[in-house]
file final_33.csv (CSV, C-alpha atoms)
chain,number,residue,atom,x,y,z
A,136,MET,CA,72.4,104.1,143.4
A,137,HIS,CA,75.9,105.4,143.0
A,138,GLU,CA,76.1,105.5,146.8
A,139,LEU,CA,77.5,101.9,146.6
A,140,ALA,CA,80.4,103.1,144.5
A,141,LEU,CA,80.9,106.0,146.9
A,142,ALA,CA,80.8,103.6,149.9
A,143,GLN,CA,83.4,101.4,148.3
A,144,GLU,CA,85.7,104.4,147.7
A,145,ILE,CA,85.3,105.6,151.3
A,146,VAL,CA,86.3,102.2,152.6
A,147,ALA,CA,89.2,101.9,150.2
A,148,MET,CA,90.4,105.4,151.1
A,149,VAL,CA,90.3,104.8,154.8
A,150,ALA,CA,92.2,101.5,154.2
A,151,ARG,CA,94.9,103.5,152.4
A,152,HIS,CA,95.3,105.9,155.4
A,153,ILE,CA,95.6,103.4,158.3
A,154,LEU,CA,98.0,100.5,159.0
A,155,PRO,CA,96.6,97.1,158.3
A,156,ALA,CA,97.0,96.3,162.0
A,157,GLN,CA,94.7,99.2,162.9
A,158,ALA,CA,91.8,97.8,160.8
A,159,SER,CA,90.1,96.1,163.7
A,160,ARG,CA,90.2,99.3,165.7
A,161,VAL,CA,88.2,101.4,163.2
A,162,ARG,CA,85.2,102.7,165.2
A,163,ALA,CA,83.9,105.5,163.0
A,164,VAL,CA,84.5,107.1,159.7
A,165,HIS,CA,83.7,110.8,159.4
A,166,VAL,CA,82.6,112.1,156.0
A,167,ARG,CA,81.4,115.5,154.8
A,168,ILE,CA,78.5,115.5,152.4
A,169,GLY,CA,77.1,118.6,150.7
A,170,GLU,CA,73.4,119.0,150.5
A,171,LEU,CA,73.6,119.3,146.7
A,172,ALA,CA,76.2,116.5,146.3
A,173,GLY,CA,73.6,114.2,144.9
A,174,VAL,CA,74.0,111.7,147.8
A,175,VAL,CA,71.2,110.2,149.8
A,176,PRO,CA,72.5,109.9,153.3
A,177,GLU,CA,70.4,106.9,154.2
A,178,SER,CA,71.5,105.1,151.1
A,179,LEU,CA,75.1,105.8,151.7
A,180,GLU,CA,74.8,104.6,155.3
A,181,PHE,CA,73.1,101.4,154.0
A,182,CYS,CA,75.8,100.8,151.4
A,183,PHE,CA,78.6,101.5,153.9
A,184,SER,CA,77.2,98.9,156.2
A,185,ALA,CA,76.9,96.4,153.3
A,186,VAL,CA,80.5,97.0,152.3
A,187,VAL,CA,82.0,96.6,155.8
A,188,ALA,CA,79.7,93.6,156.7
A,189,GLY,CA,81.8,90.6,157.6
A,190,THR,CA,85.0,92.6,157.8
A,191,ALA,CA,87.1,93.8,160.7
A,192,TRP,CA,85.2,97.1,160.7
A,193,GLU,CA,81.7,95.7,160.7
A,194,SER,CA,80.8,97.7,163.8
A,195,ALA,CA,82.2,101.0,162.5
A,196,ASP,CA,79.8,103.9,162.2
A,197,LEU,CA,79.6,106.2,159.2
A,198,VAL,CA,79.3,109.7,160.7
A,199,MET,CA,78.0,112.2,158.1
A,200,THR,CA,78.3,116.0,158.4
A,201,ARG,CA,76.0,117.7,156.0
A,202,VAL,CA,77.3,120.9,154.4
A,203,PRO,CA,74.5,123.4,153.8
A,204,ALA,CA,74.2,124.8,150.3
A,205,GLU,CA,75.4,128.3,149.8
A,206,ALA,CA,75.3,130.5,146.7
A,207,CYS,CA,77.0,133.7,145.6
A,208,CYS,CA,75.3,136.4,143.5
A,209,LEU,CA,77.1,137.1,140.3
A,210,ASP,CA,75.7,140.7,140.2
A,211,CYS,CA,76.1,142.0,143.8
A,212,ALA,CA,78.5,139.3,145.2
A,213,ALA,CA,76.3,138.6,148.2
A,214,THR,CA,76.5,135.1,149.6
A,215,PHE,CA,73.5,133.4,151.0
A,216,PRO,CA,72.2,130.0,152.1
A,217,THR,CA,69.9,128.3,149.5
A,218,GLN,CA,68.3,125.0,149.1
A,219,ALA,CA,67.9,125.0,145.4
A,220,PRO,CA,68.6,127.1,142.4
A,221,GLY,CA,65.7,129.3,141.4
A,222,ALA,CA,65.3,131.4,144.5
A,223,GLY,CA,67.5,134.3,143.3
A,224,CYS,CA,69.6,136.6,145.3
A,225,PRO,CA,67.8,137.9,148.4
A,226,ALA,CA,69.9,141.1,148.4
A,227,CYS,CA,69.4,142.4,144.9
A,228,GLY,CA,66.9,140.0,143.3
A,229,SER,CA,69.3,138.8,140.5
A,230,SER,CA,68.7,135.3,139.2
A,231,PHE,CA,72.4,135.0,138.2
A,232,VAL,CA,73.7,133.0,141.1
A,233,ARG,CA,76.4,130.4,141.4
A,234,MET,CA,76.4,127.6,144.0
A,235,THR,CA,79.6,127.9,146.2
A,236,HIS,CA,78.9,125.2,148.8
A,237,GLY,CA,76.9,122.1,149.0
A,238,GLN,CA,78.7,119.8,146.5
A,239,GLU,CA,81.3,118.6,149.0
A,240,LEU,CA,82.0,114.9,149.1
A,241,GLN,CA,85.0,114.2,151.4
A,242,VAL,CA,86.4,111.8,153.9
A,243,ASP,CA,87.4,113.9,156.9
A,244,ALA,CA,88.8,111.4,159.4
A,245,VAL,CA,88.7,108.0,160.9
A,246,GLU,CA,88.4,107.2,164.6
A,247,LEU,CA,90.4,104.4,166.0
A,248,ALA,CA,89.8,102.6,169.3
A,249,ASP,CA,92.7,102.7,171.7
A,250,ASP,CA,95.3,99.9,171.2
A,251,ASP,CA,95.2,98.5,174.7
A,252,VAL,CA,91.4,98.0,175.0
A,253,ALA,CA,90.0,94.9,173.4
A,254,PRO,CA,87.2,95.8,171.0
A,255,SER,CA,84.6,93.7,172.8
A,256,VAL,CA,85.3,95.4,176.1
A,257,ARG,CA,85.1,98.8,174.5
A,258,ASP,CA,81.8,98.1,172.8
A,259,THR,CA,80.3,97.0,176.2
A,260,ALA,CA,81.6,100.2,177.8
A,261,LEU,CA,80.1,102.3,175.0
A,262,GLU,CA,76.8,100.7,175.4
A,263,ALA,CA,76.8,101.4,179.1
A,264,VAL,CA,77.5,105.1,178.4
A,265,VAL,CA,74.7,105.3,175.7
B,198,MET,CA,90.4,106.9,171.0
B,199,SER,CA,92.7,108.3,168.4
B,200,VAL,CA,91.7,110.1,165.2
B,201,VAL,CA,93.5,109.8,161.8
B,202,THR,CA,92.8,112.9,159.7
B,203,ILE,CA,92.2,112.2,156.0
B,204,GLU,CA,90.4,115.1,154.4
B,205,ARG,CA,90.4,113.7,150.9
B,206,LYS,CA,87.7,113.8,148.3
B,207,VAL,CA,85.8,110.6,148.1
B,208,LEU,CA,86.2,110.5,144.4
B,209,GLU,CA,89.9,111.3,144.2
B,210,LYS,CA,90.7,107.9,142.6
B,211,ASN,CA,88.1,108.4,139.9
B,212,ASP,CA,89.4,112.0,139.5
B,213,ALA,CA,93.0,110.7,139.1
B,214,PHE,CA,91.9,108.3,136.3
B,215,ALA,CA,89.9,111.2,134.8
B,216,ALA,CA,93.0,113.4,134.8
B,217,MET,CA,95.0,110.6,133.0
B,218,ASN,CA,92.2,110.3,130.4
B,219,ARG,CA,92.1,114.1,129.9
B,220,ASP,CA,95.9,114.3,129.6
B,221,ALA,CA,95.9,111.5,126.9
B,222,LEU,CA,93.0,113.0,125.0
B,223,VAL,CA,94.3,116.6,125.0
B,224,ARG,CA,97.8,115.4,124.1
B,225,GLN,CA,96.4,113.7,121.0
B,226,GLY,CA,94.3,116.7,120.1
B,227,VAL,CA,90.9,115.0,120.8
B,228,PHE,CA,88.0,117.2,121.9
B,229,THR,CA,85.8,115.1,124.2
B,230,ILE,CA,82.2,115.5,125.3
B,231,ASN,CA,80.4,113.5,128.0
B,232,MET,CA,76.7,113.3,126.9
B,233,VAL,CA,74.3,112.8,129.9
B,234,SER,CA,70.5,112.7,130.1
B,235,SER,CA,67.6,110.8,131.5
B,236,PRO,CA,66.9,107.5,129.6
B,237,GLY,CA,65.0,108.3,126.4
B,238,ALA,CA,65.9,112.0,126.1
B,239,GLY,CA,67.4,111.2,122.7
B,240,LYS,CA,71.1,111.0,123.2
B,241,THR,CA,71.8,108.3,120.7
B,242,THR,CA,69.5,109.7,118.0
B,243,LEU,CA,71.1,113.1,118.5
B,244,LEU,CA,74.5,111.5,118.2
B,245,GLU,CA,73.4,109.8,114.9
B,246,ARG,CA,72.2,113.1,113.5
B,247,THR,CA,75.4,114.8,114.6
B,248,ILE,CA,77.6,112.2,113.0
B,249,ALA,CA,75.5,112.3,109.8
B,250,HIS,CA,75.8,116.1,109.7
B,251,LEU,CA,79.5,116.3,110.3
B,252,GLY,CA,80.0,113.4,107.8
B,253,GLY,CA,83.6,113.2,106.6
B,254,ALA,CA,84.5,116.7,107.8
B,255,LEU,CA,85.6,115.4,111.2
B,256,SER,CA,86.8,112.1,112.5
B,257,LEU,CA,84.6,111.0,115.4
B,258,ALA,CA,84.8,108.1,117.8
B,259,VAL,CA,82.2,107.0,120.3
B,260,VAL,CA,82.2,105.3,123.7
B,261,GLU,CA,78.8,104.0,124.6
B,262,GLY,CA,77.8,103.3,128.2
B,263,ASP,CA,74.7,101.2,128.9
B,264,VAL,CA,73.4,99.1,131.7
B,265,GLN,CA,72.9,96.2,129.3
B,266,THR,CA,73.1,95.4,125.6
B,267,ASP,CA,75.2,96.9,122.8
B,268,LEU,CA,72.2,98.1,120.9
B,269,ASP,CA,73.4,101.7,120.9
B,270,ALA,CA,76.9,100.7,119.7
B,271,GLN,CA,75.3,98.8,116.8
B,272,ARG,CA,73.3,101.9,115.9
B,273,VAL,CA,76.3,104.1,115.9
B,274,ALA,CA,78.5,101.6,114.1
B,275,LYS,CA,76.3,101.8,111.0
B,276,TYR,CA,77.7,105.3,110.4
B,277,GLY,CA,81.2,103.8,110.0
B,278,VAL,CA,82.4,105.4,113.2
B,279,PRO,CA,84.7,103.5,115.6
B,280,VAL,CA,82.7,102.7,118.7
B,281,VAL,CA,83.4,100.9,122.0
B,282,GLN,CA,80.6,99.7,124.1
B,283,ILE,CA,80.9,99.7,127.9
B,284,VAL,CA,78.2,97.5,129.6
B,285,THR,CA,78.0,98.5,133.3
B,286,ASN,CA,75.9,95.4,134.3
B,287,GLY,CA,73.7,97.4,136.6
B,288,GLY,CA,76.0,100.3,137.3
B,289,CYS,CA,74.1,103.6,137.1
B,290,HIS,CA,77.0,105.7,135.7
B,291,LEU,CA,80.3,105.5,133.8
B,292,GLU,CA,83.5,105.8,135.8
B,293,ALA,CA,86.9,107.1,134.5
B,294,ARG,CA,88.6,103.8,134.8
B,295,LEU,CA,86.1,102.1,132.5
B,296,VAL,CA,86.6,104.9,130.0
B,297,GLN,CA,90.4,104.5,130.2
B,298,ASP,CA,89.9,100.8,129.2
B,299,ALA,CA,87.7,101.9,126.3
B,300,LEU,CA,90.2,104.5,125.1
B,301,SER,CA,92.9,101.8,124.8
B,302,ARG,CA,90.7,100.3,122.1
B,303,LEU,CA,90.4,103.4,120.0
B,304,ASP,CA,93.0,105.1,117.8
B,305,LEU,CA,93.0,108.6,119.4
B,306,SER,CA,95.7,109.9,117.0
B,307,THR,CA,93.1,109.9,114.1
B,308,THR,CA,90.2,111.1,116.3
B,309,ASP,CA,89.0,114.8,116.3
B,310,VAL,CA,86.0,114.4,118.5
B,311,LEU,CA,85.3,111.7,121.1
B,312,VAL,CA,81.7,111.4,122.3
B,313,ILE,CA,81.1,109.5,125.5
B,314,GLU,CA,77.5,108.6,125.8
B,315,ASN,CA,76.8,108.1,129.4
B,316,VAL,CA,74.3,105.8,131.0
B,317,GLY,CA,70.8,107.3,130.9
B,318,ASN,CA,70.5,108.8,134.4
B,319,LEU,CA,70.1,112.5,135.4
B,320,VAL,CA,71.6,112.0,138.9
B,321,CYS,CA,74.6,109.7,139.3
B,322,PRO,CA,76.8,110.6,136.3
B,323,ALA,CA,77.1,114.2,137.6
B,324,ASN,CA,79.6,113.1,140.2
B,325,PHE,CA,82.0,111.2,138.0
B,326,ASP,CA,84.5,113.1,135.9
B,327,LEU,CA,85.5,111.0,133.0
B,328,GLY,CA,88.2,113.3,131.6
B,329,GLU,CA,86.0,115.1,129.1
B,330,ASP,CA,86.4,118.7,128.0
B,331,LEU,CA,82.7,119.3,128.8
B,332,LYS,CA,79.5,117.7,129.8
B,333,VAL,CA,76.5,118.1,127.4
B,334,VAL,CA,73.2,117.5,129.1
B,335,VAL,CA,70.3,116.6,126.8
B,336,LEU,CA,66.8,117.3,128.0
B,337,SER,CA,63.7,116.5,125.9
B,338,VAL,CA,60.7,118.7,126.1
B,339,THR,CA,58.5,115.7,127.1
B,340,GLU,CA,60.4,115.4,130.4
B,341,GLY,CA,58.9,118.7,131.7
B,342,ASP,CA,60.3,122.2,132.2
B,343,ASP,CA,61.0,121.7,135.9
B,344,LYS,CA,63.9,119.2,135.5
B,345,PRO,CA,66.7,121.8,135.7
B,346,LEU,CA,65.4,122.8,139.1
B,347,LYS,CA,64.7,119.2,140.3
B,348,TYR,CA,68.1,117.8,139.2
B,349,PRO,CA,70.3,120.9,139.5
B,350,ALA,CA,73.7,119.1,139.9
B,351,MET,CA,73.7,117.8,136.4
B,352,PHE,CA,72.9,121.2,134.9
B,353,GLN,CA,75.4,123.0,137.2
B,354,ARG,CA,78.2,120.7,136.0
B,355,ALA,CA,77.3,120.8,132.3
B,356,ALA,CA,78.6,123.4,129.9
B,357,VAL,CA,76.0,122.8,127.2
B,358,LEU,CA,72.3,122.1,127.4
B,359,ILE,CA,70.5,120.6,124.3
B,360,ILE,CA,66.8,121.0,124.5
B,361,ASN,CA,65.7,118.1,122.3
B,362,LYS,CA,62.4,116.9,120.6
B,363,VAL,CA,61.3,120.6,120.2
B,364,ASP,CA,59.0,119.3,117.4
B,365,LEU,CA,56.8,118.0,120.2
B,366,VAL,CA,56.4,121.3,121.9
B,367,PRO,CA,52.8,121.8,120.6
B,368,TYR,CA,51.7,118.5,122.2
B,369,VAL,CA,53.2,118.9,125.7
B,370,ASP,CA,52.8,121.4,128.5
B,371,ALA,CA,56.5,122.2,128.8
B,372,ASP,CA,57.7,125.3,127.0
B,373,VAL,CA,61.2,126.0,125.8
B,374,SER,CA,61.5,129.5,127.4
B,375,THR,CA,60.7,128.1,130.8
B,376,ILE,CA,63.3,125.3,130.3
B,377,ARG,CA,65.8,127.9,129.4
B,378,ARG,CA,65.0,130.1,132.3
B,379,HIS,CA,65.1,127.2,134.8
B,380,ALA,CA,68.4,125.9,133.3
B,381,ARG,CA,70.0,129.4,133.6
B,382,LEU,CA,68.9,129.6,137.2
B,383,ALA,CA,70.8,126.4,137.8
B,384,ASN,CA,73.8,127.5,135.7
B,385,PRO,CA,74.0,131.0,134.3
B,386,ASP,CA,76.9,130.0,132.0
B,387,LEU,CA,75.0,127.2,130.1
B,388,GLN,CA,75.3,127.3,126.3
B,389,ILE,CA,71.9,126.2,125.0
B,390,PHE,CA,70.8,124.6,121.8
B,391,GLU,CA,67.3,123.5,120.6
B,392,THR,CA,67.1,120.5,118.4
B,393,SER,CA,64.7,118.1,116.8
B,394,CYS,CA,66.0,114.9,115.4
B,395,ARG,CA,62.8,114.3,113.5
B,396,SER,CA,62.6,117.7,111.7
B,397,GLY,CA,66.4,118.3,111.8
B,398,GLU,CA,65.9,121.7,113.4
B,399,GLY,CA,68.9,122.9,115.2
B,400,ILE,CA,71.2,120.0,114.4
B,401,ALA,CA,73.4,122.0,112.1
B,402,GLU,CA,73.9,124.8,114.6
B,403,TRP,CA,74.8,122.3,117.4
B,404,ALA,CA,77.0,120.1,115.2
B,405,GLU,CA,78.9,123.1,113.8
B,406,TRP,CA,79.5,124.5,117.2
B,407,LEU,CA,80.9,121.2,118.2
B,408,ALA,CA,83.1,121.1,115.1
B,409,ALA,CA,84.4,124.6,115.9
B,410,GLN,CA,85.4,123.5,119.4
B,411,ALA,CA,87.3,120.6,118.0
B,412,GLY,CA,88.9,122.8,115.4
B,413,ARG,CA,90.2,125.1,118.2
B,414,ARG,CA,91.8,122.1,119.9
B,415,ARG,CA,93.5,120.9,116.6
B,416,GLY,CA,94.6,124.5,116.0

call {"tool": "encode", "arguments": {"input": "final_33.csv", "output": "structure tokens"}}
result
Amino acid sequence: MHELALAQEIVAMVARHILPAQASRVRAVHVRIGELAGVVPESLEFCFSAVVAGTAWESADLVMTRVPAEACCLDCAATFPTQAPGAGCPACGSSFVRMTHGQELQVDAVELADDDVAPSVRDTALEAVV
Amino acid sequence: MSVVTIERKVLEKNDAFAAMNRDALVRQGVFTINMVSSPGAGKTTLLERTIAHLGGALSLAVVEGDVQTDLDAQRVAKYGVPVVQIVTNGGCHLEARLVQDALSRLDLSTTDVLVIENVGNLVCPANFDLGEDLKVVVLSVTEGDDKPLKYPAMFQRAAVLIINKVDLVPYVDADVSTIRRHARLANPDLQIFETSCRSGEGIAEWAEWLAAQAGRRRG
């Protein structure tokens, strides 16, 4: 349920990084979400669309890149992909492992439509391509 | 199409408020814990026992976070401890800015230990730094021994695990050694205590550990 707070933060952060005049040109927001970040992608997408509804970026997409979870063994220093704690180190069998990736929660970039193309024209063109 | 690179943490604003809180708390010599758990794990009762045990030895203050009501604040206030209630009105977690408002209503200069009792929720509060020194996750034995594996984020971000309601162990299928093992798989560095607020078991050990941490801060 905290996805709503995250969606509001994402929108606020993007707004801080673009000029007010660019708001109507926001086409996509790229975010990086770790598999263990405690974020449900569908829920974040839903909340994002709710936050931008009725605004200039209503048609903007939230593009999520999932970061796989990775752990490091505290005994032999091997790094390995893992879905959840409890699996142990595949190299030496130790159960003392620390998660090194998978908790990311970051806004990477925002895509803006070109200045000289009216949004409605652009959307039609995109639909034709898809 | 043009791209504006941002590459900033989603929660950087919350983290900035948390850093301000931490700075203010550390500067005034306050040791702060953020208590997290599922609803009903026993955070408030554990807090009551902790306050009762530490008695006049330490000066405590409490920030209570709840979705609705000030019932917890009323319970804690009976012990003569300054308490500020934050009602989130549906919000599933506390955020650093809410805690900053609460801090302005407490006298930090006379406080040794601040306990922030978060909203009962084993998922969302894990992401939100409040400015605490450490997170204390409370897990009652009735919740089952698989919870550290099913909700790893909270256990990974906590420094302390309190296994509560150990008096009920004979009546439930969970066993404490399995909870310990699963918790250490999630976070090998966890400091673990076992408590029962009914029998009083383990309360002294936990409360005195907390007092020692606060003593180190005060110097």

call {"tool": "atom_distance", "arguments": {"input": "final_33.csv", "atom1": "CA of Ser235 in chain B", "atom2": "CA of Gly317 in chain B"}}
result
4.8 Å

call {"tool": "atom_distance", "arguments": {"input": "final_33.csv", "atom1": "CA of His236 in chain A", "atom2": "CA of Pro176 in chain A"}}
result
17.2 Å

call {"tool": "interface_residues", "arguments": {"input": "final_33.csv", "of": "chain B", "to": "chain A", "cutoff": "6 Å", "atoms": "all atoms listed in the file", "output": "ChimeraX atom specification"}}
result
/B:198-207,321,382-383,385

call {"tool": "closest_residue", "arguments": {"input": "final_33.csv", "among": "B:Gly341, B:Glu405, B:Val320, B:Ala356", "to": "Thr375 in chain B", "atoms": "all atoms listed in the file"}}
result
B:Gly341

call {"tool": "atom_distance", "arguments": {"input": "final_33.csv", "atom1": "CA of Asp212 in chain B", "atom2": "CA of Leu346 in chain B"}}
result
26.3 Å

call {"tool": "closest_residue", "arguments": {"input": "final_33.csv", "among": "A:Gly169, A:Cys224, A:Ala191, A:Gln157", "to": "Asp210 in chain A", "atoms": "only C-alpha atoms"}}
result
A:Cys224

call {"tool": "residues_around", "arguments": {"input": "final_33.csv", "residues": "Val363 in chain B", "least_positions_apart": "2", "cutoff": "12 Å", "atoms": "all atoms listed in the file", "output": "number ranges by chain"}}
result
B: 238-239, 335-341, 359-361, 365-374, 376, 390-400
